[in-house]
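As structure tokens, the structure follows; a few thoughts come after it.
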Amino acid sequence: MPDFQIKKTPKDYDVCIVGSGAGGGMAAYVLANAGVKVVLLEAGPLYDPAKNVTQLKWPWESPRRGASTPYRHFGDFDAAYGGWELEGEPYTRKNGTQFDWFRSRMVGGRTNHWGRISLRFGPNDFKRKSIDGLGDDWPIGYEDVSPYYDKIDQLIGIFGSKEGIYNEPDGIFLPPPKPRLHELYIQQAGKQLNIPVIPSRLSILTKPINKDRGACFYCAQCNRGCTVYGDFSSSSVLVKPALNTGNVDVIPNAMAREVITNAEGIATGVSFVNKDDKQEYTVNAKVVVLAASACESARLLLNSKSSHSPNGLANSSGVVGKYLHDSTGTDMGGILPHLVGRKRYNEDGVGGMHVYSPWWLDNKKLEFPRGYHIEYYGGMGMPGYGFGFGMQGTNSQYAGRDGQKRGGGYGAALKDDYRYFYGATFGMSGRGEAIAREDNYCEIDPTVVDKFGIPVLRFHYQWSDYEIKQAKHMKETFAEIIDTMGGVVTWGKSTAEENYGLAAPGRIIHEVGTTRMGNDPKKSVVNKNNQAHDCKNLFVVDGGPFVSQADKNPTWTILALSMRASEYIIDELKKQNI
Amino acid sequence: MLFVRYQKAKPSNKQQLKTKKDMDRRKYLKTLAVGSLGATTLLNQSCETPKDKPTVPTFTIDRTPAELVREEKLLSETFFDDHEMKTIRILVDIIIPKDDVSGSASDAKVPEFIEFIVKDMPRHQTPLRGGLKWLDVQCMKRFNADFASCTDAQQIEVIDEIAFPQKAKPEMQQGVAFFNLLRDLTACGFFTSEIGINDLGYQGNRPNQWDGVPQEVLDQYGLKYDERTLTESVKFDS
């Protein structure tokens with residue numbers, strides 16, 4: 001017998017899903033509850049926030065006090081395994097351009113640590129080309145997705161407030177938490193500047209919605225995963241109940257290699273390497289659903305070459321990997337001098353902001369075509385690695401309790417400065433829409449493979465003048481808000497040479513667009529039901545099918561489209577069309 | 001001999017049960033680590049008394065197998081020598097001394113934190129090691145003694161020249177950069193310790209019901225919630 005052989009998993013399934021994040025988790029949930037037999041391949045280990053606990057731990061329980069590590073780039077307490085670089089799994093970049101790719105290999109993927117900012121796309125967000133002539137319109141509109149947003153609001157739970165803003169559709173909301181002190185100052189400033197500052201919309205349970213999940217207990221640590229499942233992560237809210245149906249087998253540590261097709265170009269299953277025993281496997285299914293993340297799914301398609309699909313599966317258009325786009329991002333922060341020496345009380349709220357600013361201006365009157373929203377943070381949070389860094393920059397500008405501007409220093413007076421300035425700092429981040437462009441893409445690097453022998457992605461991505469001008473506007477707005485609050489900017493000032501602090505592509509971790517949907521098979525990869533034009537039993541339900549990323553976070557729309565596609569799959573299976 | 005030990009949360013019965021399993025897993029990982037470190041490490045270890053072996057803490061936070069291997073490796077290494085640690089101990093207590101509110105940086109085990117963090121983040125190694133040497137050379141030139149052997153007054157004389165970036169002379173800028181880094185790590189190590197968190201008065205990291213800014217704080221700043229916020233926000237029964 002040869003050393004190397006490909007083993008076949010014994011069971012045949014109706015559907016094989018690759019990836020267990022927002023898109024894959026939702027597909028597994030909907031399909032399993034309809035009685036469909038599902039196998040769920042996940043490239044990382046099992047994860048359950050009730051068992052893999054970092055919540056309510058103290059900084060000294062980490063020897064590095066929660067600092068970033070090669071295994072957890074967002075810090076020692078963060079729920080996301082992985083980061084911008086994974087050992088033995090490289091990616092490359094082309095022509096000196098930059099794209100940073102965040103990967104979290106674990107059941108639930110990046111939903112385990114995300115900000116829970118759960119914004120619906122508005123009617124305009126599906127029809128941007130009709131408004132400004134750039135990019136493309138989606139083949140569907142808000143009215144197609146809205147019923148699914150409604151279902152998701154109720155299934156998963158989200159708090160917010162009814163505001164009646166046309167392009168920021170209201171959902172079915174639980175009550176929001178009250179703003180904290182710094183947020184009241186932000187609201188005041190917003191009122192003076194005509195910038196809306198409204199309750200945030202986060203998928204966190206301010207009220208219980210079922211007996212399986214507890215309500216939020218305000219520890220401000222959603223990024224650590226919640227032991228009572230009080231927030232949304234795919235692992236606890238979708239995959240876990242899907243498993244309870246008995247219709248789903250999860251195969252963890254299964255790194256997908258290729259989608260297998262027959263002579264007619266129909267998908268018959270997926271081949272994968274099992275990271276535990278290092279053996280090669282194939283699993284057969286009537287339908288294959290890709291939800292490995294926008295770039296990973298594109299990679300999988302491009303690596304699935306056959307005589308029928310020499311450019312990669314579902315890629316007769318050549319569009320797979322193209323139109324990659326991430327949200328734009330810039331940040332700025334400051335100090336509120338009137339909050340120094342604050343009275344102490346427990347200010348931990350939900351995990352994240354209690355208020356935010358949706359996009360409020362008309363781009364027709366601006367130098368850039370798309371909008372952004374603003375996220376806010378501050379207050380008396382739990383200290384972690386980095387606490388107190390750069391005190392010489394603060395106590396050189398502001399006097400301590402003793403009236404002295406120390407400008408660095410040491411001793412009892414310095415020690416008191418840390419207490420005195422604690423809780424008086426705050427910051428804000430803009431998250432905006434970039435234009436999807438054909439020449440921002442990922443492709444297969446012709447010479448590099450990862451440790452599994454799988455050819456890796458090579459990225460080509462550049463910001464255009466539109467995104468840079470938008471970043472400039474963000475910074476000007478932030479400075480204005482901080483000034484109006486009576487605060488002073490202490491970090492985040494940047495120049496034109498620095499592109500106004502515009503984050504490198506990929507850094508906001510909202511990358512979408514690599515398998516975009518459309519009615520024209522020559523210009524798109526999937527149709528309006530997330531079904532590949534070239535392969536009727538292949539679907540993509542992650543961020544790949546997005547035609548344009550709005551000035552919103554993508555997760556709620558990934559969930560809605562995955563639910564919609566899954567219902568379509570059930571229907572097509574019943575009709576025996578696939 | 002230095003070893004990293006940090007404070008642990010009191011384990012519940014359930015956690016204690018888990019600890020046994022973790023111990024077995026750690027023993028297994030240790031075997032792996034020894035195998036990869038090779039014979040030199042084994043020889044060195046054989047000269048040490050059991051007391052000198054680095055203690056491996058029980059992790060109370062989620063650790064993947066790969067993370068445990070890395071923690072083991074970091075904890076088995078020593079970076080600073082005895083003289084360097086002695087100097088660090090003096091310096092961190094100059095930066096954060098005991099006062100009416102709380103203990104000193106060394107009471108909060110900041111030197112042990114710094115020893116760990118330079119192994120965890122090698123980029124800090126040269127700036128700190130070089131900075132300590134820079135400080136000793138300054139003191140040798142002035143007082144014919146290394147920093148740790150100087151009198152308190154001599155130590156403060158040098159510190160005063162590097163602790164205030166805007167006032168420091170150009171020829172002291174390397175010392176300023178070193179002291180800025182050490183101030184950062186000392187403050188961070190202190191205020192993320194149990195002593196430091198209590199000093200700071202942080203009240204959270206426990207189950208809570210956030211029902212808005214306390215009334216007396218709103219009054220202090222002349223703020224109030226508008227009617228809509230009070231009507232629509234989440235309310236609590238108790």
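Ordering of the structure tokens sets the chain letters (A, B, ...), residue numbers begin anew at 1 in every chain, and ligands are numbered from 1 in the order given.
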Counting only C-alpha atoms, which residues of chain B come no farther than 7 Å from chain A, as number ranges by chain? B: 6-8, 60-62, 67, 94-97, 99, 117, 163-166, 184, 187-188, 191-193, 200-213, 229, 232-234
Excluding His124 in chain B and its own-chain neighbours fewer than 6 positions away, which residues fall within 12 Å of it when counting only C-alpha atoms? Please give them as a PyMOL selection string. chain B and resi 79-80+114-118+130-131+177-178+181-182+184-185
Write out the residues from the selection above, keeping N, CA and C atoms, as a JSON list (two decimals), in the first residue's frame.
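To be explicit, this is the file written out as out_4.json:
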```json
[["chain", "number", "residue", "atom", "x", "y", "z"],
["B", 79, "PHE", "N", 15.99, 35.74, 30.55],
["B", 79, "PHE", "CA", 16.66, 36.77, 29.74],
["B", 79, "PHE", "C", 17.62, 37.62, 30.58],
["B", 80, "PHE", "N", 17.11, 38.32, 31.57],
["B", 80, "PHE", "CA", 17.96, 39.24, 32.32],
["B", 80, "PHE", "C", 18.84, 38.47, 33.32],
["B", 114, "ILE", "N", 8.22, 42.26, 33.59],
["B", 114, "ILE", "CA", 9.15, 42.77, 32.56],
["B", 114, "ILE", "C", 10.04, 41.64, 32.04],
["B", 115, "GLU", "N", 10.50, 40.78, 32.92],
["B", 115, "GLU", "CA", 11.29, 39.62, 32.49],
["B", 115, "GLU", "C", 10.48, 38.77, 31.50],
["B", 116, "PHE", "N", 9.20, 38.58, 31.79],
["B", 116, "PHE", "CA", 8.38, 37.77, 30.87],
["B", 116, "PHE", "C", 8.16, 38.50, 29.55],
["B", 117, "ILE", "N", 7.84, 39.79, 29.63],
["B", 117, "ILE", "CA", 7.40, 40.49, 28.42],
["B", 117, "ILE", "C", 8.54, 40.63, 27.40],
["B", 118, "VAL", "N", 9.80, 40.72, 27.87],
["B", 118, "VAL", "CA", 10.88, 40.82, 26.88],
["B", 118, "VAL", "C", 11.11, 39.49, 26.16],
["B", 130, "GLY", "N", 20.38, 47.30, 26.53],
["B", 130, "GLY", "CA", 21.30, 48.40, 26.18],
["B", 130, "GLY", "C", 21.09, 49.60, 27.07],
["B", 131, "GLY", "N", 19.83, 49.89, 27.39],
["B", 131, "GLY", "CA", 19.52, 51.03, 28.25],
["B", 131, "GLY", "C", 20.08, 50.85, 29.66],
["B", 177, "ALA", "N", 14.90, 57.76, 26.01],
["B", 177, "ALA", "CA", 14.16, 56.71, 25.28],
["B", 177, "ALA", "C", 14.04, 55.45, 26.14],
["B", 178, "PHE", "N", 15.14, 55.10, 26.80],
["B", 178, "PHE", "CA", 15.13, 53.93, 27.69],
["B", 178, "PHE", "C", 14.14, 54.13, 28.83],
["B", 181, "LEU", "N", 10.45, 53.87, 27.84],
["B", 181, "LEU", "CA", 10.02, 52.48, 27.67],
["B", 181, "LEU", "C", 9.84, 51.80, 29.03],
["B", 182, "LEU", "N", 10.77, 52.05, 29.92],
["B", 182, "LEU", "CA", 10.66, 51.42, 31.23],
["B", 182, "LEU", "C", 9.47, 51.98, 32.02],
["B", 184, "ASP", "N", 6.68, 53.06, 30.68],
["B", 184, "ASP", "CA", 5.50, 52.41, 30.08],
["B", 184, "ASP", "C", 5.30, 51.00, 30.63],
["B", 185, "LEU", "N", 6.35, 50.21, 30.60],
["B", 185, "LEU", "CA", 6.21, 48.81, 31.02],
["B", 185, "LEU", "C", 5.93, 48.71, 32.52]]
```
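Put simply, CA of Asp170 in chain A is 8.0 Å away from CA of Arg120 in chain A.
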Which residue out of A:Gly83, A:Pro337, A:Gly230, A:Gly44 has the minimum interatomic distance to Ile251 in chain A when only C-alpha atoms are used?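 Counting only C-alpha atoms, the residue closest to Ile251 in chain A is A:Gly44.
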Near Ala148 in chain B, counting only C-alpha atoms, which residues have an atom at most 8 Å away, once you skip same-chain residues fewer than 5 positions from it, shown as a ChimeraX atom specification? /B:86-87,90,155
Residue neighbourhood Val237 in chain A, 12 Å, only C-alpha atoms, exclusion window fewer than 6 positions, as a PyMOL selection string: chain A and resi 20-22+25-26+28-29+48-49+107-108+111-112+152+155-157+203-205+209-210+212-214+225-231+243-244
Please produce a file of those selected residues containing C-alpha atoms, as an mmCIF file, in the first residue's frame.
```cif
data_model
loop_
_atom_site.group_PDB
_atom_site.id
_atom_site.type_symbol
_atom_site.label_atom_id
_atom_site.label_comp_id
_atom_site.auth_asym_id
_atom_site.auth_seq_id
_atom_site.Cartn_x
_atom_site.Cartn_y
_atom_site.Cartn_z
ATOM 1 C CA SER A 20 -18.624 27.775 9.942
ATOM 2 C CA GLY A 21 -18.651 31.571 10.335
ATOM 3 C CA ALA A 22 -21.685 33.797 9.753
ATOM 4 C CA GLY A 25 -23.273 28.708 10.366
ATOM 5 C CA MET A 26 -26.500 30.190 9.038
ATOM 6 C CA ALA A 28 -26.053 24.813 8.511
ATOM 7 C CA TYR A 29 -28.770 26.119 10.834
ATOM 8 C CA ASP A 48 -17.489 26.971 22.556
ATOM 9 C CA PRO A 49 -17.262 30.226 24.556
ATOM 10 C CA VAL A 107 -15.767 26.936 14.657
ATOM 11 C CA GLY A 108 -17.648 30.221 14.329
ATOM 12 C CA THR A 111 -17.969 35.934 14.573
ATOM 13 C CA ASN A 112 -16.466 34.787 17.866
ATOM 14 C CA ILE A 152 -32.552 37.302 11.634
ATOM 15 C CA LEU A 155 -33.737 34.627 15.560
ATOM 16 C CA ILE A 156 -30.489 36.177 16.797
ATOM 17 C CA GLY A 157 -31.546 39.284 18.719
ATOM 18 C CA SER A 203 -26.526 41.766 18.236
ATOM 19 C CA ILE A 204 -26.404 41.538 22.019
ATOM 20 C CA LEU A 205 -29.361 40.417 24.133
ATOM 21 C CA ILE A 209 -35.129 35.803 23.648
ATOM 22 C CA ASN A 210 -35.139 32.074 24.336
ATOM 23 C CA ASP A 212 -30.863 28.607 25.393
ATOM 24 C CA ARG A 213 -29.219 32.006 25.743
ATOM 25 C CA GLY A 214 -28.815 34.314 28.716
ATOM 26 C CA GLY A 225 -16.937 35.258 23.588
ATOM 27 C CA CYS A 226 -19.850 34.993 26.013
ATOM 28 C CA THR A 227 -20.279 32.105 28.451
ATOM 29 C CA VAL A 228 -24.071 32.635 28.550
ATOM 30 C CA TYR A 229 -24.323 33.194 24.765
ATOM 31 C CA GLY A 230 -25.653 36.712 25.380
ATOM 32 C CA ASP A 231 -24.239 37.932 22.062
ATOM 33 C CA LEU A 243 -25.799 20.186 15.756
ATOM 34 C CA ASN A 244 -28.668 19.574 18.173
#
```
Identify, with DSSP run on backbone atoms, the residues in range 152-237 of chain B assigned to helix (DSSP H, G or I), and express the list as a PyMOL selection string. chain B and resi 152-162+170-191+194-200+215-221+227-232
Got a sec to tell me which of range 205-397 of chain A DSSP assigns to strand (DSSP E or B), as number ranges by chain? A: 231, 248-251, 254-261, 267-274, 280-290, 325, 328-335, 355-357, 372-378
Residues as selected, N, CA and C atoms, written as a short mmCIF file (atom, residue, chain, number, x, y, z; two decimals), in the first residue's frame, can you do that?
```
data_model
loop_
_atom_site.label_atom_id
_atom_site.label_comp_id
_atom_site.auth_asym_id
_atom_site.auth_seq_id
_atom_site.Cartn_x
_atom_site.Cartn_y
_atom_site.Cartn_z
N ASP A 231 -24.48 37.18 23.30
CA ASP A 231 -24.24 37.93 22.06
C ASP A 231 -24.23 36.94 20.90
N VAL A 248 -26.42 17.38 11.40
CA VAL A 248 -25.14 17.97 10.98
C VAL A 248 -23.97 17.21 11.58
N ASP A 249 -23.00 16.87 10.77
CA ASP A 249 -21.71 16.39 11.26
C ASP A 249 -20.69 17.50 11.03
N VAL A 250 -20.02 17.90 12.09
CA VAL A 250 -18.93 18.87 11.92
C VAL A 250 -17.62 18.11 11.83
N ILE A 251 -16.80 18.46 10.86
CA ILE A 251 -15.44 17.93 10.81
C ILE A 251 -14.49 19.08 11.08
N ALA A 254 -10.41 20.57 9.30
CA ALA A 254 -10.49 20.06 7.92
C ALA A 254 -10.24 21.22 6.96
N MET A 255 -9.06 21.23 6.38
CA MET A 255 -8.66 22.31 5.47
C MET A 255 -9.02 21.92 4.04
N ALA A 256 -10.02 22.63 3.48
CA ALA A 256 -10.51 22.27 2.15
C ALA A 256 -9.42 22.51 1.09
N ARG A 257 -9.30 21.57 0.19
CA ARG A 257 -8.29 21.65 -0.86
C ARG A 257 -8.95 22.03 -2.19
N GLU A 258 -9.97 21.29 -2.58
CA GLU A 258 -10.64 21.52 -3.87
C GLU A 258 -12.11 21.13 -3.79
N VAL A 259 -12.91 21.76 -4.65
CA VAL A 259 -14.26 21.27 -4.89
C VAL A 259 -14.13 20.25 -6.02
N ILE A 260 -14.67 19.05 -5.78
CA ILE A 260 -14.56 17.98 -6.79
C ILE A 260 -15.75 18.08 -7.75
N THR A 261 -15.48 17.94 -9.04
CA THR A 261 -16.57 17.97 -10.02
C THR A 261 -16.51 16.73 -10.90
N ALA A 267 -20.65 19.71 -9.25
CA ALA A 267 -19.91 19.44 -8.02
C ALA A 267 -20.38 18.13 -7.40
N THR A 268 -19.42 17.31 -6.97
CA THR A 268 -19.79 16.04 -6.33
C THR A 268 -19.33 15.97 -4.88
N GLY A 269 -18.51 16.93 -4.47
CA GLY A 269 -18.04 16.92 -3.09
C GLY A 269 -16.83 17.81 -2.92
N VAL A 270 -16.13 17.61 -1.81
CA VAL A 270 -14.98 18.46 -1.48
C VAL A 270 -13.85 17.56 -1.00
N SER A 271 -12.63 17.89 -1.41
CA SER A 271 -11.48 17.18 -0.86
C SER A 271 -10.83 18.06 0.20
N PHE A 272 -10.32 17.43 1.25
CA PHE A 272 -9.72 18.22 2.32
C PHE A 272 -8.60 17.44 2.98
N VAL A 273 -7.72 18.18 3.66
CA VAL A 273 -6.68 17.54 4.45
C VAL A 273 -7.08 17.69 5.91
N ASN A 274 -7.02 16.60 6.62
CA ASN A 274 -7.34 16.62 8.05
C ASN A 274 -6.07 17.00 8.81
N GLU A 280 -5.45 12.73 3.67
CA GLU A 280 -6.30 13.34 2.65
C GLU A 280 -7.65 12.65 2.60
N TYR A 281 -8.73 13.44 2.50
CA TYR A 281 -10.08 12.89 2.49
C TYR A 281 -10.91 13.53 1.38
N THR A 282 -11.95 12.83 0.99
CA THR A 282 -12.99 13.49 0.19
C THR A 282 -14.32 13.20 0.85
N VAL A 283 -15.23 14.14 0.71
CA VAL A 283 -16.58 13.91 1.20
C VAL A 283 -17.54 14.23 0.05
N ASN A 284 -18.52 13.37 -0.14
CA ASN A 284 -19.47 13.55 -1.24
C ASN A 284 -20.75 14.21 -0.76
N ALA A 285 -21.29 15.07 -1.63
CA ALA A 285 -22.55 15.74 -1.30
C ALA A 285 -23.25 16.14 -2.59
N LYS A 286 -24.57 16.27 -2.50
CA LYS A 286 -25.35 16.68 -3.69
C LYS A 286 -25.16 18.16 -4.00
N VAL A 287 -24.90 18.92 -2.92
CA VAL A 287 -24.74 20.37 -3.06
C VAL A 287 -23.50 20.80 -2.28
N VAL A 288 -22.74 21.73 -2.84
CA VAL A 288 -21.59 22.29 -2.11
C VAL A 288 -21.84 23.78 -1.85
N VAL A 289 -21.69 24.16 -0.58
CA VAL A 289 -21.89 25.56 -0.18
C VAL A 289 -20.57 26.09 0.36
N LEU A 290 -20.03 27.12 -0.29
CA LEU A 290 -18.78 27.71 0.17
C LEU A 290 -19.07 28.89 1.09
N HIS A 325 -12.96 44.20 -2.08
CA HIS A 325 -12.90 45.49 -1.38
C HIS A 325 -13.20 45.35 0.11
N THR A 328 -13.12 51.19 4.41
CA THR A 328 -12.06 52.12 4.75
C THR A 328 -12.09 52.34 6.26
N GLY A 329 -10.98 52.81 6.81
CA GLY A 329 -10.96 53.08 8.25
C GLY A 329 -9.91 54.09 8.64
N THR A 330 -10.30 55.03 9.48
CA THR A 330 -9.33 55.90 10.15
C THR A 330 -9.79 56.10 11.59
N ASP A 331 -8.89 56.52 12.45
CA ASP A 331 -9.20 56.66 13.87
C ASP A 331 -8.56 57.92 14.44
N MET A 332 -9.15 58.42 15.50
CA MET A 332 -8.57 59.56 16.21
C MET A 332 -9.07 59.53 17.65
N GLY A 333 -8.26 60.02 18.55
CA GLY A 333 -8.68 60.03 19.95
C GLY A 333 -8.16 61.24 20.69
N GLY A 334 -8.69 61.42 21.87
CA GLY A 334 -8.28 62.58 22.65
C GLY A 334 -8.57 62.42 24.12
N ILE A 335 -8.47 63.52 24.80
CA ILE A 335 -8.71 63.54 26.23
C ILE A 335 -9.76 64.61 26.50
N VAL A 355 -23.57 54.24 21.46
CA VAL A 355 -24.09 55.16 20.43
C VAL A 355 -23.15 55.15 19.23
N TYR A 356 -23.68 55.47 18.07
CA TYR A 356 -22.86 55.61 16.87
C TYR A 356 -23.47 56.65 15.95
N SER A 357 -22.72 56.99 14.91
CA SER A 357 -23.23 57.95 13.92
C SER A 357 -23.35 57.27 12.57
N TYR A 372 -19.58 56.99 5.28
CA TYR A 372 -18.97 56.23 6.37
C TYR A 372 -19.81 56.38 7.63
N HIS A 373 -19.65 55.47 8.56
CA HIS A 373 -20.28 55.65 9.88
C HIS A 373 -19.17 55.81 10.91
N ILE A 374 -19.52 56.32 12.09
CA ILE A 374 -18.52 56.54 13.13
C ILE A 374 -18.84 55.70 14.36
N GLU A 375 -17.81 55.02 14.84
CA GLU A 375 -17.92 54.23 16.08
C GLU A 375 -17.15 54.97 17.18
N TYR A 376 -17.67 54.91 18.41
CA TYR A 376 -17.06 55.67 19.51
C TYR A 376 -16.66 54.74 20.66
N TYR A 377 -15.62 55.13 21.40
CA TYR A 377 -15.21 54.36 22.58
C TYR A 377 -14.54 55.26 23.61
N GLY A 378 -14.51 54.78 24.84
CA GLY A 378 -13.89 55.56 25.91
C GLY A 378 -14.37 55.08 27.26
#
```
Can you pull out every residue within 10 Å of Tyr461 in chain A, counting only C-alpha atoms, but drop anything in the same chain fewer than 4 positions away, and send it as a compact mmCIF listing (two decimals) with N, CA and C atoms, in the first residue's frame?
```
# COMPACT_ATOMS: atom_id res chain seq x y z
N ARG A 93 1.83 39.33 -2.05
CA ARG A 93 1.30 40.59 -2.56
C ARG A 93 1.99 40.93 -3.87
N LYS A 94 1.29 41.67 -4.72
CA LYS A 94 1.79 41.92 -6.07
C LYS A 94 2.13 43.39 -6.29
N ASN A 95 3.18 43.66 -7.04
CA ASN A 95 3.56 45.01 -7.50
C ASN A 95 3.65 46.02 -6.36
N GLY A 96 4.14 45.57 -5.22
CA GLY A 96 4.34 46.50 -4.11
C GLY A 96 3.06 47.01 -3.47
N THR A 97 1.90 46.41 -3.81
CA THR A 97 0.66 46.85 -3.17
C THR A 97 0.47 46.08 -1.87
N GLN A 98 -0.50 46.51 -1.09
CA GLN A 98 -0.69 45.87 0.22
C GLN A 98 -2.14 45.42 0.40
N PHE A 99 -2.31 44.23 0.91
CA PHE A 99 -3.58 43.78 1.44
C PHE A 99 -3.24 42.87 2.61
N ASP A 100 -3.82 43.13 3.76
CA ASP A 100 -3.57 42.31 4.94
C ASP A 100 -4.80 41.43 5.17
N TYR A 323 -12.75 42.45 -7.87
CA TYR A 323 -13.66 43.34 -7.14
C TYR A 323 -13.56 43.18 -5.62
N LEU A 324 -12.40 42.71 -5.18
CA LEU A 324 -12.15 42.61 -3.74
C LEU A 324 -12.20 44.01 -3.14
N HIS A 325 -12.96 44.20 -2.08
CA HIS A 325 -12.90 45.49 -1.38
C HIS A 325 -13.20 45.35 0.11
N ASP A 326 -12.45 46.13 0.87
CA ASP A 326 -12.61 46.18 2.33
C ASP A 326 -13.18 47.55 2.68
N ARG A 437 -13.49 47.60 -7.39
CA ARG A 437 -12.83 47.78 -8.69
C ARG A 437 -12.23 46.48 -9.17
N GLU A 438 -12.28 46.29 -10.48
CA GLU A 438 -11.79 45.05 -11.08
C GLU A 438 -10.30 44.83 -10.78
N ASP A 439 -9.53 45.94 -10.71
CA ASP A 439 -8.08 45.78 -10.53
C ASP A 439 -7.65 45.68 -9.06
N ASN A 440 -8.60 45.55 -8.16
CA ASN A 440 -8.26 45.13 -6.80
C ASN A 440 -8.71 43.68 -6.66
N TYR A 441 -7.76 42.78 -6.50
CA TYR A 441 -8.13 41.37 -6.63
C TYR A 441 -7.19 40.46 -5.85
N CYS A 442 -7.63 39.21 -5.71
CA CYS A 442 -6.73 38.15 -5.26
C CYS A 442 -6.70 37.09 -6.36
N ALA A 504 -4.54 50.24 5.97
CA ALA A 504 -4.21 49.41 4.82
C ALA A 504 -5.40 48.51 4.47
N PRO A 505 -5.61 48.24 3.18
CA PRO A 505 -6.71 47.36 2.78
C PRO A 505 -6.65 46.02 3.53
N GLY A 506 -7.78 45.57 4.01
CA GLY A 506 -7.85 44.31 4.76
C GLY A 506 -7.90 44.53 6.26
```
Name the residues in contact with Glu157 in chain B at a cut-off of 12 Å, using only C-alpha atoms, excluding same-chain residues fewer than 3 positions from it; report them as JSON, numbers by chain. {"B": [135, 138, 139, 142, 143, 147, 150, 151, 152, 153, 154, 160, 161, 162, 163]}
